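See below for run.json, which holds JSON, C-alpha atoms.
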[["chain", "number", "residue", "atom", "x", "y", "z"],
["A", 300, "MET", "CA", 60.87, 147.64, 112.20],
["A", 301, "TYR", "CA", 60.28, 143.92, 112.43],
["A", 302, "ILE", "CA", 57.65, 142.17, 110.32],
["A", 303, "SER", "CA", 56.79, 138.48, 110.33],
["A", 304, "HIS", "CA", 54.25, 137.63, 107.65],
["A", 305, "LYS", "CA", 54.32, 134.06, 108.95],
["A", 306, "TYR", "CA", 52.93, 135.12, 112.33],
["A", 307, "LYS", "CA", 51.34, 138.40, 111.12],
["A", 308, "ILE", "CA", 53.33, 140.54, 113.55],
["A", 309, "CYS", "CA", 54.57, 144.07, 112.91],
["A", 310, "PHE", "CA", 56.78, 145.87, 115.42],
["A", 311, "VAL", "CA", 57.26, 149.59, 114.76],
["A", 312, "ARG", "CA", 60.51, 150.99, 116.10],
["A", 313, "ILE", "CA", 60.10, 154.27, 117.98],
["A", 314, "PRO", "CA", 63.35, 156.08, 118.89],
["A", 315, "LYS", "CA", 64.55, 155.71, 122.49],
["A", 316, "THR", "CA", 62.01, 153.09, 123.52],
["A", 317, "ALA", "CA", 64.35, 150.06, 123.68],
["A", 318, "CYS", "CA", 63.59, 149.38, 120.02],
["A", 319, "SER", "CA", 67.03, 147.93, 119.17],
["A", 320, "SER", "CA", 66.80, 145.51, 122.10],
["A", 321, "ILE", "CA", 63.25, 144.49, 121.20],
["A", 322, "THR", "CA", 64.16, 143.96, 117.55],
["A", 323, "GLU", "CA", 66.93, 141.55, 118.52],
["A", 324, "TYR", "CA", 64.58, 139.87, 121.00],
["A", 325, "LEU", "CA", 62.03, 139.24, 118.23],
["A", 326, "ILE", "CA", 64.65, 138.09, 115.71],
["A", 327, "ARG", "CA", 66.15, 135.59, 118.18],
["A", 328, "ASN", "CA", 62.86, 134.24, 119.53],
["A", 329, "ILE", "CA", 60.55, 134.10, 116.52],
["A", 330, "ASP", "CA", 61.15, 131.21, 114.17],
["A", 331, "ASP", "CA", 60.77, 133.01, 110.86],
["A", 332, "ARG", "CA", 63.71, 133.09, 108.49],
["A", 333, "GLU", "CA", 61.69, 135.21, 106.07],
["A", 334, "ALA", "CA", 61.08, 137.98, 108.62],
["A", 335, "ILE", "CA", 61.74, 141.53, 107.44],
["A", 336, "HIS", "CA", 63.65, 143.76, 109.82],
["A", 337, "SER", "CA", 65.87, 146.81, 109.93],
["A", 338, "GLY", "CA", 68.78, 145.09, 111.66],
["A", 339, "VAL", "CA", 70.50, 145.73, 114.98],
["A", 340, "ASP", "CA", 73.81, 147.57, 114.71],
["A", 341, "ASP", "CA", 74.67, 146.87, 118.36],
["A", 342, "VAL", "CA", 75.22, 143.18, 117.61],
["A", 343, "ALA", "CA", 75.92, 143.36, 113.87],
["A", 344, "ILE", "CA", 72.60, 141.87, 112.80],
["A", 345, "LYS", "CA", 72.17, 143.02, 109.21],
["A", 346, "SER", "CA", 68.98, 144.49, 107.84],
["A", 347, "THR", "CA", 66.84, 142.40, 105.50],
["A", 348, "LEU", "CA", 65.02, 145.38, 104.01],
["A", 349, "GLY", "CA", 66.81, 145.03, 100.71],
["A", 350, "LYS", "CA", 64.95, 141.75, 100.19],
["A", 351, "ASN", "CA", 61.62, 143.55, 100.00],
["A", 352, "PRO", "CA", 60.16, 142.60, 96.61],
["A", 353, "PHE", "CA", 58.12, 145.79, 96.28],
["A", 354, "ARG", "CA", 60.99, 148.25, 95.99],
["A", 355, "LYS", "CA", 64.68, 148.58, 95.29],
["A", 356, "PRO", "CA", 67.16, 147.81, 98.09],
["A", 357, "ILE", "CA", 67.37, 150.58, 100.66],
["A", 358, "MET", "CA", 69.91, 151.57, 103.28],
["A", 359, "SER", "CA", 69.01, 150.15, 106.67],
["A", 360, "ASN", "CA", 70.17, 153.07, 108.82],
["A", 361, "LYS", "CA", 67.85, 155.50, 107.04],
["A", 362, "TYR", "CA", 64.78, 153.34, 107.53],
["A", 363, "VAL", "CA", 65.26, 152.03, 111.06],
["A", 364, "HIS", "CA", 62.43, 154.14, 112.46],
["A", 365, "TYR", "CA", 59.78, 153.62, 109.81],
["A", 366, "THR", "CA", 56.28, 154.74, 110.79],
["A", 367, "LEU", "CA", 53.29, 152.56, 109.98],
["A", 368, "GLN", "CA", 52.49, 155.07, 107.24],
["A", 369, "ASP", "CA", 55.96, 154.42, 105.72],
["A", 370, "ILE", "CA", 55.57, 150.66, 106.06],
["A", 371, "VAL", "CA", 52.37, 150.63, 104.01],
["A", 372, "LYS", "CA", 53.62, 153.23, 101.54],
["A", 373, "ASP", "CA", 56.67, 151.10, 100.69],
["A", 374, "GLY", "CA", 54.67, 147.91, 100.44],
["A", 375, "PHE", "CA", 55.96, 145.94, 103.41],
["A", 376, "ILE", "CA", 52.33, 145.46, 104.51],
["A", 377, "LYS", "CA", 49.35, 146.23, 102.30],
["A", 378, "GLU", "CA", 46.65, 148.57, 103.50],
["A", 379, "ASN", "CA", 43.99, 145.87, 103.42],
["A", 380, "GLN", "CA", 46.18, 143.64, 105.63],
["A", 381, "LEU", "CA", 46.48, 146.06, 108.55],
["A", 382, "LYS", "CA", 43.44, 144.75, 110.39],
["A", 383, "ASP", "CA", 44.80, 141.20, 110.21],
["A", 384, "TYR", "CA", 48.23, 141.95, 111.71],
["A", 385, "THR", "CA", 49.27, 142.39, 115.32],
["A", 386, "ILE", "CA", 50.89, 145.83, 115.16],
["A", 387, "PHE", "CA", 52.66, 147.23, 118.20],
["A", 388, "GLY", "CA", 55.17, 149.76, 119.43],
["A", 389, "VAL", "CA", 56.46, 150.90, 122.82],
["A", 390, "ILE", "CA", 55.57, 154.16, 124.52],
["A", 391, "ARG", "CA", 57.72, 155.87, 127.13],
["A", 392, "ASP", "CA", 57.23, 158.74, 129.56],
["A", 393, "PRO", "CA", 58.05, 161.72, 127.28],
["A", 394, "VAL", "CA", 60.27, 163.46, 129.86],
["A", 395, "ASP", "CA", 62.29, 160.31, 130.59],
["A", 396, "ARG", "CA", 62.55, 159.62, 126.86],
["A", 397, "GLN", "CA", 63.78, 163.15, 126.23],
["A", 398, "MET", "CA", 66.46, 162.82, 128.87],
["A", 399, "SER", "CA", 67.57, 159.52, 127.34],
["A", 400, "MET", "CA", 67.71, 161.12, 123.91],
["A", 401, "TYR", "CA", 69.87, 163.95, 125.23],
["A", 402, "TYR", "CA", 72.48, 161.65, 126.79],
["A", 403, "PHE", "CA", 72.47, 159.46, 123.70],
["A", 404, "ARG", "CA", 73.21, 162.58, 121.64],
["A", 405, "LYS", "CA", 76.08, 163.51, 123.99],
["A", 406, "ARG", "CA", 77.96, 160.39, 122.92],
["A", 407, "TRP", "CA", 79.10, 162.41, 119.89],
["A", 408, "ASP", "CA", 79.61, 165.69, 121.70],
["A", 409, "ARG", "CA", 81.86, 165.14, 124.70],
["A", 410, "LYS", "CA", 83.65, 168.48, 124.45],
["A", 411, "ILE", "CA", 80.79, 170.26, 126.20],
["A", 412, "LYS", "CA", 79.75, 169.04, 129.63],
["A", 413, "PRO", "CA", 76.05, 168.09, 129.96],
["A", 414, "SER", "CA", 74.00, 170.97, 131.33],
["A", 415, "LEU", "CA", 70.52, 172.42, 131.09],
["A", 416, "GLN", "CA", 71.79, 175.24, 128.89],
["A", 417, "ASP", "CA", 73.55, 172.79, 126.60],
["A", 418, "TYR", "CA", 70.29, 170.85, 126.27],
["A", 419, "LYS", "CA", 68.49, 174.03, 125.26],
["A", 420, "ASN", "CA", 71.24, 174.94, 122.81],
["A", 421, "ILE", "CA", 71.09, 171.66, 120.89],
["A", 422, "THR", "CA", 67.30, 171.34, 120.74],
["A", 423, "ILE", "CA", 64.52, 173.10, 118.86],
["A", 424, "ASN", "CA", 61.79, 174.40, 121.17],
["A", 425, "ASN", "CA", 63.37, 172.31, 123.94],
["A", 426, "CYS", "CA", 62.23, 169.08, 122.24],
["A", 427, "ALA", "CA", 63.67, 167.96, 118.89],
["A", 428, "MET", "CA", 67.42, 167.57, 118.56],
["A", 429, "LYS", "CA", 68.79, 170.02, 115.99],
["A", 430, "ILE", "CA", 70.98, 167.35, 114.43],
["A", 431, "ASN", "CA", 67.94, 165.27, 113.34],
["A", 432, "PRO", "CA", 64.73, 167.14, 114.18],
["A", 433, "GLU", "CA", 62.41, 165.17, 111.90],
["A", 434, "ALA", "CA", 63.12, 161.91, 113.73],
["A", 435, "THR", "CA", 63.82, 163.14, 117.26],
["A", 436, "GLY", "CA", 60.82, 165.45, 117.41],
["A", 437, "LYS", "CA", 58.27, 162.96, 116.09],
["A", 438, "ILE", "CA", 55.37, 162.19, 118.41],
["A", 439, "GLN", "CA", 55.47, 158.60, 119.62],
["A", 440, "THR", "CA", 51.79, 157.85, 119.02],
["A", 441, "ASP", "CA", 52.10, 159.02, 115.40],
["A", 442, "PHE", "CA", 54.30, 156.01, 114.61],
["A", 443, "LEU", "CA", 51.29, 153.69, 114.76],
["A", 444, "THR", "CA", 49.02, 155.94, 112.72],
["A", 445, "TYR", "CA", 47.91, 155.29, 109.16],
["A", 446, "LYS", "CA", 45.70, 157.84, 107.38],
["A", 447, "GLY", "CA", 44.82, 159.40, 110.71],
["A", 448, "GLN", "CA", 43.79, 156.12, 112.33],
["A", 449, "THR", "CA", 45.76, 154.33, 115.03],
["A", 450, "PHE", "CA", 46.35, 150.63, 114.49],
["A", 451, "GLY", "CA", 47.58, 148.09, 116.99],
["A", 452, "LYS", "CA", 48.64, 148.77, 120.55],
["A", 453, "PHE", "CA", 51.41, 150.24, 122.67],
["A", 454, "LEU", "CA", 53.38, 148.38, 125.31],
["A", 455, "LEU", "CA", 54.66, 150.34, 128.29],
["A", 456, "PHE", "CA", 58.39, 150.96, 128.39],
["A", 457, "ASP", "CA", 58.33, 150.96, 132.20],
["A", 458, "ASN", "CA", 57.90, 147.18, 132.45],
["A", 459, "ILE", "CA", 58.76, 146.16, 128.92],
["A", 460, "GLU", "CA", 60.24, 142.74, 129.81],
["A", 461, "GLU", "CA", 57.00, 141.64, 131.46],
["A", 462, "GLU", "CA", 54.93, 143.13, 128.64],
["A", 463, "LEU", "CA", 56.94, 141.25, 126.00],
["A", 464, "GLU", "CA", 56.65, 137.98, 127.93],
["A", 465, "LYS", "CA", 52.87, 138.29, 127.92],
["A", 466, "PHE", "CA", 52.83, 139.32, 124.26],
["A", 467, "MET", "CA", 54.88, 136.31, 123.17],
["A", 468, "LYS", "CA", 53.18, 133.71, 125.37],
["A", 469, "ALA", "CA", 49.75, 134.85, 124.14],
["A", 470, "ARG", "CA", 50.93, 133.83, 120.66],
["A", 471, "ASN", "CA", 52.67, 130.63, 121.75],
["A", 472, "LEU", "CA", 56.08, 132.04, 120.77],
["A", 473, "GLN", "CA", 59.25, 131.13, 122.63],
["A", 474, "THR", "CA", 60.97, 133.55, 125.01],
["A", 475, "GLY", "CA", 64.24, 131.73, 125.65],
["A", 476, "PHE", "CA", 66.35, 134.67, 124.52],
["A", 477, "LYS", "CA", 66.02, 137.36, 127.17],
["A", 478, "LEU", "CA", 65.65, 141.02, 126.32],
["A", 479, "PRO", "CA", 69.12, 142.61, 125.93],
["A", 480, "LYS", "CA", 69.87, 146.13, 127.14],
["A", 481, "HIS", "CA", 71.42, 147.90, 124.17],
["A", 482, "LYS", "CA", 72.47, 151.54, 124.66],
["A", 483, "SER", "CA", 71.48, 151.44, 128.33],
["A", 484, "GLY", "CA", 74.95, 152.65, 129.30],
["A", 485, "ASN", "CA", 74.60, 156.04, 127.63],
["A", 486, "ARG", "CA", 72.87, 157.73, 130.56],
["A", 487, "LYS", "CA", 74.23, 158.92, 133.84],
["A", 488, "PRO", "CA", 72.81, 157.63, 137.15],
["A", 489, "LYS", "CA", 69.59, 159.61, 137.63],
["A", 490, "GLN", "CA", 70.96, 161.53, 140.59],
["A", 491, "ALA", "CA", 73.83, 162.77, 138.40],
["A", 492, "GLU", "CA", 71.73, 163.81, 135.40],
["A", 493, "ILE", "CA", 70.82, 167.37, 134.51],
["A", 494, "LYS", "CA", 67.49, 168.69, 135.77],
["A", 495, "PHE", "CA", 64.88, 170.07, 133.40],
["A", 496, "ASP", "CA", 63.38, 173.40, 134.44],
["A", 497, "ASP", "CA", 59.72, 174.39, 134.08],
["A", 498, "GLU", "CA", 60.35, 175.90, 130.65],
["A", 499, "VAL", "CA", 61.66, 172.62, 129.25],
["A", 500, "LEU", "CA", 59.05, 170.49, 131.04],
["A", 501, "ASN", "CA", 56.21, 172.64, 129.72],
["A", 502, "SER", "CA", 57.63, 172.49, 126.19],
["A", 503, "ILE", "CA", 57.83, 168.71, 126.33],
["A", 504, "LYS", "CA", 54.32, 168.36, 127.75],
["A", 505, "MET", "CA", 52.91, 170.67, 125.11],
["A", 506, "HIS", "CA", 54.65, 169.02, 122.16],
["A", 507, "TYR", "CA", 53.97, 165.45, 123.29],
["A", 508, "THR", "CA", 50.41, 165.93, 124.57],
["A", 509, "LYS", "CA", 49.09, 162.89, 122.68],
["A", 510, "ASP", "CA", 51.89, 160.76, 124.08],
["A", 511, "TYR", "CA", 51.10, 161.83, 127.64],
["A", 512, "ILE", "CA", 47.44, 160.88, 127.16],
["A", 513, "MET", "CA", 48.29, 157.43, 125.82],
["A", 514, "TYR", "CA", 51.04, 156.82, 128.37],
["A", 515, "ASN", "CA", 48.84, 157.81, 131.32],
["A", 516, "GLN", "CA", 45.92, 155.71, 130.08],
["A", 517, "LEU", "CA", 48.13, 152.62, 129.96],
["A", 518, "LYS", "CA", 49.58, 153.38, 133.40],
["A", 519, "GLU", "CA", 46.07, 153.60, 134.84],
["A", 520, "GLN", "CA", 45.15, 150.23, 133.33],
["A", 521, "GLN", "CA", 47.95, 148.45, 135.17]]
File written out as structure tokens:
Amino acid sequence: MYISHKYKICFVRIPKTACSSITEYLIRNIDDREAIHSGVDDVAIKSTLGKNPFRKPIMSNKYVHYTLQDIVKDGFIKENQLKDYTIFGVIRDPVDRQMSMYYFRKRWDRKIKPSLQDYKNITINNCAMKINPEATGKIQTDFLTYKGQTFGKFLLFDNIEEELEKFMKARNLQTGFKLPKHKSGNRKPKQAEIKFDDEVLNSIKMHYTKDYIMYNQLKEQQ
């Protein structure tokens, strides 16, 4: 997550939606030394979460993908402040996100060649990764939900650089530091990737129904 109380901005990090790159982008471009963020391991930017006055220091890697519910629960933003903050996350085509998650997972499992069967073997119901199902199987739109209500907005992953430019310029924030591409080298060229069959595609569409609705609505608005 990234929170600037100075500018009343809260970015919620959703796994496999360029969240590490966006976090660094915000840290580098927003002039707020008091900003609270979960760090960026890719470039050794340390978390500031231990500075939170409302709770004891916590380990950054465990709290990288805090939901809005978690953020309020642990006191980073108070419930009565939510309506005053610009809260946002990024949403990605669930199938493309799932493929990205699979190849990211394969970084630690190179003994077995990527295949459709391997994907099925290391996932639960063809969606969540067995190694960390609670995080990898979480619905994207749930990250911006607090007590059943969605706060803020989603930016589209498909054209995230343009979306961020508009977001920053609308708030008179600088954009001199361009969006980096952390972890983009984990995937194969699309023509060399495995192909999901109907069983996997149907499982993904069923599990991430709410994400499909939100994603398609934003695509239609473009």
Under the rule that all atoms listed in the file are counted, which of A:His304, A:Lys446, A:Lys315, A:Lys489 is the nearest residue to Leu367 of chain A?
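With all atoms listed in the file as the atom set, the closest residue is A:Lys446.
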Measuring atom to atom with only C-alpha atoms, identify which of A:Leu478, A:Val311, A:Lys305, A:Gln490 is nearest to Val371 of chain A.
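Selected residue with least distance to Val371 of chain A: A:Val311.
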For each of A:Thr474, A:Thr385, A:Asn431, A:Asn425, take the minimum atom-to-atom distance to Gly451 of chain A, counting all atoms listed in the file, then give the residue where this is smallest.
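Looking only at the distances to Gly451 of chain A, the closest residue turns out to be A:Thr385.
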From the list A:Ser320, A:Thr366, A:Gln380, A:Gln439, which residue is nearest Arg396 of chain A when using all atoms listed in the file?
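Smallest distance to Arg396 of chain A is found for A:Gln439.
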Set the distance at 8 Å and use all atoms listed in the file: which residues neighbour Thr435 of chain A once local chain neighbours fewer than 6 positions away are removed? I'd like the list as a PDB file with C-alpha atoms, in the coordinates of the input.
ATOM      1  CA  PRO A 314      63.350 156.080 118.890  1.00  0.00           C
ATOM      2  CA  MET A 400      67.710 161.120 123.910  1.00  0.00           C
ATOM      3  CA  CYS A 426      62.230 169.080 122.240  1.00  0.00           C
ATOM      4  CA  ALA A 427      63.670 167.960 118.890  1.00  0.00           C
ATOM      5  CA  MET A 428      67.420 167.570 118.560  1.00  0.00           C
TER       6      MET A 428
END
For a test of reading the model, state the distance in Å between atom CA of Cys309 of chain A and atom CA of Ile386 of chain A, rounded to one decimal.
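Value for the atom CA of Cys309 of chain A-atom CA of Ile386 of chain A distance: 4.7 Å.
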Non-local contacts of Ile344 of chain A (12 Å; all atoms listed in the file; under 4 positions in same chain excluded) as a ChimeraX atom specification
/A:319-320,322-324,326-327,336-340,359
Convert the current residue selection to file output with C-alpha atoms, as a PDB file, in the coordinates of the input.
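Output contents, as saved in out_19.pdb:
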ATOM      1  CA  SER A 319      67.030 147.930 119.170  1.00  0.00           C
ATOM      2  CA  SER A 320      66.800 145.510 122.100  1.00  0.00           C
ATOM      3  CA  THR A 322      64.160 143.960 117.550  1.00  0.00           C
ATOM      4  CA  GLU A 323      66.930 141.550 118.520  1.00  0.00           C
ATOM      5  CA  TYR A 324      64.580 139.870 121.000  1.00  0.00           C
ATOM      6  CA  ILE A 326      64.650 138.090 115.710  1.00  0.00           C
ATOM      7  CA  ARG A 327      66.150 135.590 118.180  1.00  0.00           C
ATOM      8  CA  HIS A 336      63.650 143.760 109.820  1.00  0.00           C
ATOM      9  CA  SER A 337      65.870 146.810 109.930  1.00  0.00           C
ATOM     10  CA  GLY A 338      68.780 145.090 111.660  1.00  0.00           C
ATOM     11  CA  VAL A 339      70.500 145.730 114.980  1.00  0.00           C
ATOM     12  CA  ASP A 340      73.810 147.570 114.710  1.00  0.00           C
ATOM     13  CA  SER A 359      69.010 150.150 106.670  1.00  0.00           C
TER      14      SER A 359
END
Give me, please, the distance in Å between atom CA of His506 of chain A and atom CA of Tyr445 of chain A, quoted to one decimal.
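Answer for the atom CA of His506 of chain A to atom CA of Tyr445 of chain A separation: 20.1 Å.
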Closest to Asp510 of chain A among A:Asn420, A:Thr440, A:Ser414, A:Thr316, using only C-alpha atoms?
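Nearest to Asp510 of chain A: A:Thr440.
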Within 10 Å of segment 466-473 of chain A: each segment 310-399 of chain A residue with its shortest pair, all atoms listed in the file, as a Markdown table:
| residue | atom | partner | partner_atom | distance |
| --- | --- | --- | --- | --- |
| A:Leu325 | CA | A:Met467 | CA | 9.2 |
| A:Arg327 | CA | A:Gln473 | CA | 9.3 |
| A:Asn328 | CA | A:Gln473 | CA | 5.7 |
| A:Ile329 | CA | A:Leu472 | CA | 6.5 |
| A:Asp330 | CA | A:Leu472 | CA | 8.4 |
| A:Phe387 | CA | A:Phe466 | CA | 10.0 |
Counting all atoms listed in the file, which residues have an atom no more than 10 Å from (60.9, 150.2, 130.9) in the file's coordinates? Please list them as a ChimeraX atom specification.
/A:316-317,389-392,454-462
Work out how far atom CA of Ile335 of chain A is from atom CA of Met300 of chain A, in Å to one decimal.
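Taking atom CA of Met300 of chain A and atom CA of Ile335 of chain A, their separation equals 7.8 Å.
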Counting all atoms listed in the file, figure out which residue out of A:Ile321, A:Met398, A:Ile308, A:Ile370 gets nearest to Phe476 of chain A.
A:Ile321
